[in-house]
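Structure file query-v8.txt with compact mmCIF, C-alpha atoms and all ligand atoms:
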# COMPACT_ATOMS: atom_id res chain seq x y z
CA MET A 1 18.39 3.02 10.75
CA LEU A 2 18.39 0.87 7.65
CA THR A 3 21.59 -0.99 6.98
CA SER A 4 20.65 -2.41 3.57
CA SER A 5 20.72 -0.44 0.35
CA ASN A 6 23.75 1.52 1.49
CA ALA A 7 24.83 1.79 -2.13
CA ILE A 8 21.66 3.65 -3.09
CA VAL A 9 22.02 6.02 -0.17
CA SER A 10 25.66 6.90 -0.76
CA ALA A 11 25.09 7.42 -4.50
CA LEU A 12 22.12 9.63 -3.67
CA LYS A 13 24.15 11.68 -1.24
CA GLN A 14 27.00 12.18 -3.68
CA LYS A 15 24.75 13.08 -6.55
CA PHE A 16 22.81 15.54 -4.41
CA GLN A 17 26.00 17.29 -3.40
CA LYS A 18 27.10 17.49 -7.01
CA VAL A 19 23.79 18.77 -8.41
CA PHE A 20 22.73 21.09 -5.58
CA ASN A 21 26.09 21.90 -4.06
CA ALA A 22 24.83 21.40 -0.49
CA PRO A 23 25.01 18.60 2.07
CA PRO A 24 21.63 16.82 2.29
CA GLN A 25 19.72 15.26 5.15
CA LEU A 26 18.69 11.70 4.34
CA PHE A 27 15.44 9.84 5.00
CA TYR A 28 13.69 6.66 3.91
CA SER A 29 10.21 5.22 3.86
CA PRO A 30 9.44 1.60 3.03
CA GLY A 31 6.97 -0.18 0.76
CA ARG A 32 4.42 -2.51 2.31
CA ILE A 33 2.83 -5.90 2.08
CA ASN A 34 -0.60 -6.76 3.42
CA LEU A 35 -1.19 -10.20 4.90
CA ILE A 36 -4.98 -9.94 4.82
CA GLY A 37 -7.74 -7.28 4.90
CA GLU A 38 -7.98 -6.02 1.33
CA HIS A 39 -10.16 -3.04 0.33
CA THR A 40 -11.35 -2.92 3.93
CA ASP A 41 -9.44 0.23 4.89
CA TYR A 42 -11.73 2.75 3.15
CA ASN A 43 -14.69 0.83 4.56
CA ASN A 44 -13.55 1.53 8.14
CA GLY A 45 -12.55 -2.10 8.61
CA PHE A 46 -9.34 -3.87 9.64
CA VAL A 47 -6.07 -4.45 7.78
CA LEU A 48 -2.90 -6.40 8.59
CA PRO A 49 -0.02 -4.80 6.65
CA ALA A 50 3.72 -4.67 7.33
CA ALA A 51 6.58 -2.51 6.06
CA ILE A 52 9.17 -4.28 3.92
CA ASP A 53 12.91 -4.02 3.40
CA LYS A 54 12.53 -2.05 0.17
CA ALA A 55 12.23 1.70 0.38
CA ILE A 56 12.22 5.14 -1.18
CA TYR A 57 15.23 7.22 -0.17
CA VAL A 58 15.18 10.97 -0.04
CA ALA A 59 18.03 13.49 0.10
CA ILE A 60 16.86 16.97 0.98
CA ALA A 61 18.19 20.44 1.85
CA GLU A 62 16.70 23.87 2.39
CA ARG A 63 17.16 26.49 -0.34
CA ASN A 64 17.65 30.25 -0.21
CA ASP A 65 14.74 30.91 -2.55
CA ASP A 66 11.07 29.88 -2.64
CA CYS A 67 11.50 27.11 -5.20
CA ILE A 68 11.14 23.38 -5.01
CA GLU A 69 13.76 21.54 -7.06
CA LEU A 70 13.01 17.86 -7.59
CA TYR A 71 15.19 15.16 -9.05
CA SER A 72 14.33 11.49 -9.47
CA PHE A 73 17.04 8.92 -10.13
CA GLU A 74 14.53 6.30 -11.06
CA PHE A 75 12.99 8.36 -13.84
CA ASN A 76 16.08 10.43 -14.52
CA GLU A 77 13.86 13.50 -14.45
CA GLN A 78 14.16 16.94 -12.98
CA PHE A 79 11.37 19.35 -12.16
CA SER A 80 11.25 22.76 -10.61
CA VAL A 81 8.36 24.90 -9.38
CA HIS A 82 7.84 28.03 -7.31
CA LEU A 83 6.16 27.40 -3.93
CA SER A 84 3.30 29.69 -4.86
CA ASP A 85 2.65 27.80 -8.09
CA ILE A 86 2.00 24.24 -6.94
CA LYS A 87 -0.68 22.27 -8.78
CA PRO A 88 -1.15 18.69 -9.97
CA ILE A 89 0.82 17.67 -13.07
CA GLU A 90 -0.59 15.17 -15.57
CA HIS A 91 0.57 11.58 -14.77
CA SER A 92 3.79 12.24 -12.96
CA TRP A 93 5.72 10.98 -9.91
CA VAL A 94 6.18 14.69 -9.14
CA ASN A 95 2.59 14.76 -7.85
CA TYR A 96 3.48 12.66 -4.82
CA VAL A 97 5.91 15.34 -3.68
CA LEU A 98 3.83 18.35 -4.68
CA GLY A 99 0.69 16.81 -3.21
CA VAL A 100 2.30 16.63 0.20
CA VAL A 101 3.61 20.20 0.04
CA ALA A 102 0.17 21.41 -1.04
CA GLN A 103 -1.45 19.85 2.06
CA LEU A 104 1.08 21.53 4.35
CA LYS A 105 0.62 24.88 2.66
CA LYS A 106 -3.14 24.58 2.92
CA ASP A 107 -2.80 24.31 6.69
CA ARG A 108 -0.25 27.14 6.74
CA TYR A 109 2.79 25.19 7.85
CA PRO A 110 5.98 27.23 7.27
CA VAL A 111 7.38 25.28 4.33
CA LYS A 112 10.12 27.15 2.46
CA GLY A 113 12.07 26.35 -0.68
CA PHE A 114 13.92 23.03 -0.79
CA SER A 115 15.83 20.73 -3.10
CA VAL A 116 15.01 17.05 -2.99
CA MET A 117 16.38 14.00 -4.73
CA LEU A 118 14.72 10.57 -4.70
CA ASP A 119 15.77 7.03 -5.39
CA GLY A 120 14.60 3.63 -4.21
CA ASP A 121 14.32 -0.08 -4.71
CA ILE A 122 10.54 -0.56 -4.46
CA PRO A 123 9.39 -1.89 -7.82
CA ILE A 124 6.99 0.63 -9.34
CA GLY A 125 3.47 -0.46 -10.22
CA ALA A 126 3.88 -3.75 -8.33
CA GLY A 127 1.29 -2.87 -5.68
CA LEU A 128 3.93 -2.37 -2.99
CA SER A 129 2.92 1.25 -2.44
CA SER A 130 5.92 3.07 -3.80
CA SER A 131 3.78 6.21 -4.07
CA ALA A 132 2.80 6.11 -0.39
CA ALA A 133 6.48 5.60 0.41
CA VAL A 134 7.42 8.73 -1.56
CA GLU A 135 4.73 10.74 0.20
CA CYS A 136 5.73 9.49 3.65
CA ALA A 137 9.45 9.98 3.03
CA VAL A 138 8.92 13.52 1.78
CA ILE A 139 6.56 14.64 4.53
CA TYR A 140 8.81 13.12 7.19
CA ALA A 141 11.76 14.93 5.64
CA LEU A 142 9.91 18.26 5.51
CA ASN A 143 8.78 17.81 9.09
CA GLN A 144 12.42 17.52 10.18
CA LEU A 145 13.79 20.16 7.83
CA PHE A 146 11.33 22.87 8.83
CA ASN A 147 10.65 21.66 12.37
CA LEU A 148 6.90 21.41 11.73
CA GLN A 149 6.19 19.31 14.85
CA LEU A 150 3.81 16.99 13.05
CA SER A 151 2.83 13.71 14.68
CA LYS A 152 3.24 10.49 12.68
CA LEU A 153 -0.51 10.22 12.39
CA GLN A 154 -0.79 13.76 11.01
CA MET A 155 1.87 12.93 8.45
CA VAL A 156 0.02 9.78 7.41
CA THR A 157 -3.22 11.72 7.00
CA TYR A 158 -1.58 14.43 4.89
CA ALA A 159 0.10 11.78 2.74
CA GLN A 160 -3.26 10.10 2.13
CA GLN A 161 -4.81 13.45 1.26
CA ALA A 162 -1.99 14.07 -1.22
CA GLU A 163 -2.83 10.79 -2.96
CA HIS A 164 -6.50 11.75 -3.14
CA GLU A 165 -5.94 15.23 -4.51
CA TYR A 166 -2.77 14.93 -6.57
CA ALA A 167 -2.85 11.31 -7.77
CA GLY A 168 -6.64 11.09 -8.07
CA VAL A 169 -6.94 7.81 -6.16
CA LYS A 170 -9.41 7.80 -3.27
CA CYS A 171 -7.23 5.35 -1.37
CA GLY A 172 -7.64 4.31 2.24
CA ILE A 173 -5.06 4.89 4.95
CA MET A 174 -3.37 1.48 4.98
CA ASP A 175 -0.39 2.11 2.70
CA MET A 176 0.80 5.29 4.36
CA PHE A 177 0.12 3.93 7.83
CA ALA A 178 2.17 0.80 7.15
CA SER A 179 5.02 2.77 5.60
CA MET A 180 5.18 5.23 8.52
CA PHE A 181 4.45 2.90 11.48
CA GLY A 182 6.14 -0.29 10.23
CA LYS A 183 8.23 -2.28 12.69
CA LYS A 184 10.80 -5.01 12.11
CA GLU A 185 9.28 -8.51 12.04
CA GLN A 186 5.84 -7.20 13.03
CA ALA A 187 2.59 -6.79 11.17
CA ILE A 188 0.27 -3.95 12.12
CA LEU A 189 -3.29 -4.84 13.04
CA LEU A 190 -4.96 -1.54 12.25
CA ASP A 191 -8.53 -0.59 12.99
CA CYS A 192 -9.19 1.88 10.18
CA ARG A 193 -12.14 3.41 12.02
CA SER A 194 -10.51 4.35 15.33
CA LEU A 195 -6.93 4.16 13.97
CA ALA A 196 -6.04 2.11 17.04
CA TYR A 197 -3.32 -0.39 16.17
CA GLU A 198 -1.27 -3.15 17.65
CA TYR A 199 1.83 -4.95 16.46
CA ILE A 200 1.53 -8.67 15.81
CA PRO A 201 4.79 -10.63 15.53
CA VAL A 202 5.10 -12.36 12.16
CA GLN A 203 6.57 -15.72 13.14
CA LEU A 204 6.02 -17.97 10.19
CA LYS A 205 8.19 -20.81 11.49
CA GLU A 206 9.08 -23.02 8.51
CA TYR A 207 7.43 -20.63 6.04
CA SER A 208 8.64 -17.57 4.15
CA ILE A 209 6.87 -14.79 2.29
CA VAL A 210 7.45 -14.41 -1.42
CA LEU A 211 5.76 -11.96 -3.75
CA LEU A 212 5.24 -12.93 -7.37
CA ASN A 213 4.91 -9.91 -9.62
CA THR A 214 2.69 -10.30 -12.70
CA ASN A 215 4.41 -7.23 -14.17
CA ILE A 216 0.95 -6.20 -15.28
CA LYS A 217 -0.63 -2.87 -14.50
CA HIS A 218 -4.03 -2.39 -16.04
CA SER A 219 -4.83 1.18 -16.87
CA LEU A 220 -8.36 0.98 -15.46
CA ALA A 221 -6.99 0.35 -11.98
CA SER A 222 -7.58 3.76 -10.42
CA SER A 223 -11.02 4.38 -11.92
CA ALA A 224 -12.16 0.85 -10.98
CA TYR A 225 -10.77 1.40 -7.48
CA ASN A 226 -12.77 4.60 -7.07
CA GLU A 227 -15.84 2.82 -8.47
CA ARG A 228 -15.58 0.05 -5.84
CA ARG A 229 -15.49 2.70 -3.17
CA ILE A 230 -18.67 4.29 -4.51
CA GLN A 231 -20.44 0.91 -4.67
CA CYS A 232 -19.57 0.22 -1.03
CA GLU A 233 -20.82 3.66 -0.04
CA GLN A 234 -24.06 3.04 -1.94
CA GLY A 235 -24.63 -0.17 0.05
CA VAL A 236 -24.09 1.73 3.31
CA GLU A 237 -26.53 4.44 2.26
CA TRP A 238 -29.29 1.90 1.62
CA VAL A 239 -28.72 0.13 4.94
CA LYS A 240 -28.63 3.49 6.74
CA GLU A 241 -32.17 4.29 5.60
CA LYS A 242 -33.37 1.55 7.92
CA TYR A 243 -30.53 1.55 10.45
CA PRO A 244 -29.50 5.20 11.02
CA ASN A 245 -26.59 4.19 13.27
CA VAL A 246 -24.78 2.56 10.38
CA PHE A 247 -21.92 4.71 9.06
CA SER A 248 -19.80 2.25 7.09
CA LEU A 249 -19.67 -1.43 6.11
CA ARG A 250 -17.95 -1.96 9.45
CA ASP A 251 -21.38 -1.53 11.09
CA VAL A 252 -23.17 -3.82 8.64
CA ASP A 253 -23.83 -7.56 8.95
CA MET A 254 -24.91 -10.19 6.42
CA GLN A 255 -28.51 -10.13 7.57
CA MET A 256 -28.73 -6.38 6.81
CA LEU A 257 -27.13 -6.92 3.42
CA LYS A 258 -29.48 -9.75 2.53
CA SER A 259 -32.64 -8.02 3.64
CA ILE A 260 -31.84 -4.60 2.16
CA VAL A 261 -28.99 -4.40 -0.33
CA GLU A 262 -29.50 -7.70 -2.15
CA LEU A 263 -33.07 -6.72 -3.00
CA LYS A 264 -31.93 -3.41 -4.50
CA ASP A 265 -28.85 -4.31 -6.54
CA GLY A 266 -27.05 -7.62 -7.00
CA LEU A 267 -23.69 -6.11 -7.85
CA VAL A 268 -23.59 -3.70 -4.91
CA TYR A 269 -24.62 -6.61 -2.67
CA GLN A 270 -21.75 -8.71 -3.99
CA ARG A 271 -19.21 -5.94 -3.31
CA CYS A 272 -20.51 -5.31 0.21
CA LYS A 273 -20.69 -9.02 1.03
CA TYR A 274 -17.01 -9.39 0.18
CA ILE A 275 -16.08 -6.56 2.58
CA VAL A 276 -18.23 -7.81 5.48
CA GLU A 277 -16.74 -11.30 5.11
CA GLU A 278 -13.19 -10.01 4.69
CA ASN A 279 -13.29 -8.33 8.11
CA ILE A 280 -14.34 -11.66 9.62
CA ARG A 281 -11.61 -13.53 7.72
CA LEU A 282 -9.02 -11.05 8.97
CA LYS A 283 -9.97 -11.65 12.61
CA HIS A 284 -9.62 -15.39 12.13
CA ALA A 285 -6.35 -15.07 10.23
CA CYS A 286 -4.92 -12.84 12.93
CA ALA A 287 -5.80 -15.32 15.65
CA TYR A 288 -4.23 -18.13 13.62
CA LEU A 289 -1.06 -16.09 13.10
CA GLN A 290 -0.81 -15.48 16.84
CA GLU A 291 -1.34 -19.18 17.54
CA GLY A 292 1.31 -20.07 14.97
CA ASN A 293 -1.21 -21.97 12.85
CA ILE A 294 0.14 -20.85 9.48
CA THR A 295 -1.78 -23.32 7.34
CA ALA A 296 -5.09 -22.14 8.81
CA MET A 297 -4.07 -18.52 8.19
CA GLY A 298 -3.18 -19.47 4.62
CA LYS A 299 -6.64 -20.90 4.02
CA GLU A 300 -8.15 -17.54 4.94
CA MET A 301 -5.82 -15.91 2.40
CA PHE A 302 -7.01 -18.25 -0.35
CA ALA A 303 -10.59 -17.43 0.59
CA THR A 304 -9.79 -13.72 0.39
CA HIS A 305 -8.51 -14.18 -3.12
CA GLU A 306 -11.66 -15.99 -4.13
CA GLY A 307 -13.72 -13.05 -2.86
CA LEU A 308 -11.49 -10.44 -4.50
CA SER A 309 -11.64 -12.29 -7.79
CA LYS A 310 -15.29 -13.38 -7.95
CA GLU A 311 -17.18 -10.89 -5.80
CA PHE A 312 -15.18 -7.71 -5.55
CA GLU A 313 -13.79 -8.32 -9.06
CA VAL A 314 -10.46 -6.56 -8.73
CA SER A 315 -8.26 -9.45 -9.86
CA CYS A 316 -7.16 -10.28 -13.42
CA ILE A 317 -6.27 -13.48 -15.28
CA GLU A 318 -2.58 -13.15 -14.50
CA LEU A 319 -3.15 -12.84 -10.74
CA ASP A 320 -5.73 -15.64 -10.79
CA PHE A 321 -3.28 -17.86 -12.62
CA LEU A 322 -0.55 -17.37 -10.02
CA VAL A 323 -2.91 -17.97 -7.09
CA GLU A 324 -4.39 -21.06 -8.72
CA TYR A 325 -0.87 -22.32 -9.38
CA ALA A 326 0.06 -21.82 -5.72
CA LYS A 327 -3.14 -23.48 -4.51
CA ASN A 328 -2.13 -26.72 -6.19
CA LYS A 329 1.22 -26.86 -4.42
CA LYS A 330 1.33 -28.55 -1.05
CA GLU A 331 4.29 -26.42 0.06
CA VAL A 332 2.16 -23.27 -0.16
CA ALA A 333 0.09 -22.47 2.95
CA GLY A 334 -1.72 -19.51 1.39
CA ALA A 335 -1.66 -17.08 -1.51
CA ARG A 336 -3.74 -14.21 -2.82
CA MET A 337 -3.55 -11.07 -4.88
CA MET A 338 -2.36 -8.12 -2.83
CA GLY A 339 -3.24 -4.43 -2.83
CA GLY A 340 -5.67 -2.58 -5.06
CA GLY A 341 -5.66 -5.23 -7.79
CA PHE A 342 -5.82 -5.36 -11.61
CA GLY A 343 -2.16 -6.39 -11.68
CA GLY A 344 0.77 -6.16 -9.31
CA CYS A 345 1.79 -8.98 -7.00
CA THR A 346 0.47 -12.05 -5.31
CA ILE A 347 1.62 -12.74 -1.75
CA ASN A 348 2.56 -16.36 -1.09
CA ILE A 349 3.33 -18.12 2.19
CA VAL A 350 5.66 -20.93 1.14
CA GLU A 351 7.72 -23.57 2.97
CA THR A 352 11.24 -22.17 3.21
CA ASN A 353 13.07 -25.34 2.22
CA THR A 354 11.26 -25.59 -1.12
CA LEU A 355 10.99 -21.84 -1.71
CA GLN A 356 13.55 -21.59 -4.53
CA GLN A 357 11.99 -24.50 -6.39
CA PHE A 358 8.52 -23.02 -6.01
CA ILE A 359 9.70 -19.66 -7.35
CA GLU A 360 11.44 -21.29 -10.28
CA ASP A 361 8.43 -23.43 -11.20
CA ALA A 362 5.83 -20.70 -10.71
CA THR A 363 7.71 -18.07 -12.74
CA LYS A 364 8.34 -20.64 -15.49
CA ALA A 365 4.67 -21.64 -15.62
CA TYR A 366 3.72 -17.95 -15.75
CA GLU A 367 6.08 -17.25 -18.62
CA GLU A 368 4.81 -20.26 -20.56
CA ARG A 369 1.23 -19.12 -20.11
CA PHE A 370 1.62 -15.38 -20.73
CA ASN A 371 4.79 -15.11 -22.79
CA GLN A 372 6.29 -12.67 -20.38
CA PRO A 373 8.24 -13.17 -17.17
CA ALA A 374 7.02 -12.78 -13.61
CA SER A 375 9.44 -11.28 -11.11
CA TYR A 376 9.68 -12.26 -7.47
CA TYR A 377 10.74 -10.74 -4.15
CA ILE A 378 11.46 -12.67 -0.98
CA VAL A 379 10.26 -10.29 1.66
CA SER A 380 11.49 -9.48 5.09
CA ILE A 381 9.60 -7.15 7.37
CA GLY A 382 11.38 -3.95 8.30
CA ASP A 383 11.01 -0.65 10.15
CA GLY A 384 8.84 2.31 9.09
CA THR A 385 9.85 5.80 7.94
CA GLY A 386 12.95 7.31 9.49
CA ALA A 387 16.14 9.32 9.19
CA ILE A 388 19.41 7.88 7.91
CA THR A 389 22.57 8.97 9.63
CA VAL A 390 25.63 8.24 7.52
C1 LIG B 1 -4.51 0.27 -2.45
C2 LIG B 1 -4.94 1.46 -1.60
C3 LIG B 1 -5.16 1.06 -0.14
C4 LIG B 1 -6.08 -0.15 -0.03
C5 LIG B 1 -5.64 -1.25 -1.00
C6 LIG B 1 -6.63 -2.38 -1.05
O1 LIG B 1 -3.25 -0.17 -2.04
O2 LIG B 1 -3.99 2.48 -1.67
O3 LIG B 1 -5.66 2.14 0.60
O4 LIG B 1 -7.41 0.22 -0.25
O5 LIG B 1 -5.46 -0.76 -2.33
O6 LIG B 1 -6.70 -3.01 0.18
Go ahead and express the file in the form of structure tokens.
Ligand code: GLA
Amino acid sequence: MLTSSNAIVSALKQKFQKVFNAPPQLFYSPGRINLIGEHTDYNNGFVLPAAIDKAIYVAIAERNDDCIELYSFEFNEQFSVHLSDIKPIEHSWVNYVLGVVAQLKKDRYPVKGFSVMLDGDIPIGAGLSSSAAVECAVIYALNQLFNLQLSKLQMVTYAQQAEHEYAGVKCGIMDMFASMFGKKEQAILLDCRSLAYEYIPVQLKEYSIVLLNTNIKHSLASSAYNERRIQCEQGVEWVKEKYPNVFSLRDVDMQMLKSIVELKDGLVYQRCKYIVEENIRLKHACAYLQEGNITAMGKEMFATHEGLSKEFEVSCIELDFLVEYAKNKKEVAGARMMGGGFGGCTINIVETNTLQQFIEDATKAYEERFNQPASYYIVSIGDGTGAITV
């Protein structure tokens, strides 16, 4: 059980009792970081995420009718819908809850009416997967409430499907997997093709992880994300014409890309090249992490950023600025943009004894350059989705 954020949980519990006049069950699901392996998940590659000590908290109770009553602290919004009337709502956090219920209904799970209240401390739009955390927290809660007997992997898959159908983002499985399967002080090396995974201890010795938030969220993010996915699929299709056993970029090597894709389309080649190389970088970074060679791991992270910025083109000037700033500091082992891109956070591996100074200097430089502040979060790695017993 989580011990932090007790204040959020007790306020949530009290408010739930007041609004819905029933004692709730309580659950949480964390946000995530990703050390390396970006945009590789929907290409059947590898990722190395971890759950963090910031989460979405859910209070929930069964109702006597067939309605869903939703309440979000964060947005101070309430929403209610009949179970038989669920459909996506334009641009709303409500979709993350409804999306999950819709998946369960589709497969005829016995979901009945319920009241649910949400709160959390994952910054929204920072690329820390607050939406995946909502989906995982809600499906985990429903699984307990209605005794649905879902496995963790089933819950992750439904949560991902909810994001596809109700949020319109054709995301991979990484965010939900990390939120659900996270483990204290461990990263998850996940093979997104077989879904086999292993925990890798994150022992950074004299280094710490800090996220610098650009506080930027470009509106083209989800359409550009879906477009990258299509470009990668196009590359696979072309390679498959000659190599029928190729099903994803996971099965593709540089020689195939050069001899087939590069001749057809320079941009598609560039996108695919980034993915093929990112899987290789991840393997190296993982080995370095296990050996305790943090500076070598950091170099791979810088290289990832270069690829994301120049080849996959999902960075932005604000993210590039922060990574460039970090690159010039000897106390930083590695840094890169993290998550889908076009805003959000950079992840930085920084010497612990100069961490505060680095944060101060980097956020100041950012503010001078962009006339708006950057926020920061010193991250510790926590456990995945679970129940809270208070
Ligand atoms: C977003 C998606 C993930 C993954 C990352 C990029 O966070 O939700 O599935 O594709 O972008 O690595």
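Around ligand LIG 1 (chain B), the neighbouring residues within 7 Å, taking only C-alpha atoms and all ligand atoms, come to Gly37, Glu38, His39, Thr40, Asp41, Tyr42, Gly127, Ser129, Cys171, Gly172, Ile173, Met174, Asp175, Gly339 and Gly340 of chain A.
Proximity ranking of A:Tyr288, A:Phe79, A:Trp93, A:Phe247 relative to Met301 in chain A places A:Tyr288 first, based on only C-alpha atoms.
Restricting the calculation to all atoms listed in the file, the smallest distance between Tyr109 in chain A and any of A:Gln186, A:Ser131, A:Asn213, A:Gln149 is found for A:Gln149.
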### Query
Which polymer residues have any atom within 10 Å of an atom of Glu227 in chain A, counting only C-alpha atoms, with same-chain residues fewer than 6 positions away left out, as number ranges by chain?
A: 170, 221, 233
Just want the 7 Å neighbourhood of Val210 in chain A, counted on all atoms listed in the file, with same-chain residues fewer than 5 positions away dropped. Output as a PDB file with C-alpha atoms, keeping the file's coordinate frame.
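Once written, out.pdb looks like this:
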ATOM      1  CA  ILE A 347       1.620 -12.740  -1.750  1.00  0.00           C
ATOM      2  CA  ASN A 348       2.560 -16.360  -1.090  1.00  0.00           C
ATOM      3  CA  ILE A 349       3.330 -18.120   2.190  1.00  0.00           C
ATOM      4  CA  TYR A 376       9.680 -12.260  -7.470  1.00  0.00           C
ATOM      5  CA  TYR A 377      10.740 -10.740  -4.150  1.00  0.00           C
ATOM      6  CA  ILE A 378      11.460 -12.670  -0.980  1.00  0.00           C
ATOM      7  CA  VAL A 379      10.260 -10.290   1.660  1.00  0.00           C
TER       8      VAL A 379
END
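Proximity ranking of A:Glu198, A:Asp361, A:Glu262, A:Glu74 relative to Gly182 in chain A places A:Glu198 first, based on all atoms listed in the file.
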#### Entry: Best match for closeness to Phe114 in chain A among A:Ser223, A:Asn76, A:Ser194, A:Gln25, counting all atoms listed in the file
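Once distances to Phe114 in chain A are computed over all atoms listed in the file, the minimum belongs to A:Gln25.
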### Message
Need the shell around Glu185 in chain A: protein/DNA/RNA residues with any atom at most 7 Å away, counting only C-alpha atoms. Skip same-chain ones fewer than 6 positions apart. Format as a list of chain:residue names?
### Response
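The neighbour list is A:Pro201, A:Val202, A:Ile381, A:Gly382.
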#### Entry: Close residues, range 52-58 of chain A itself excluded, 8 Å, only C-alpha atoms, min 5 positions apart in chain, as number ranges by chain
A: 4, 8-9, 12, 26-33, 116-122, 130, 133-134, 137-138, 141, 379-383
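Taking CA of Glu62 in chain A and CA of Phe177 in chain A as the two end points, the separation is 26.5 Å.
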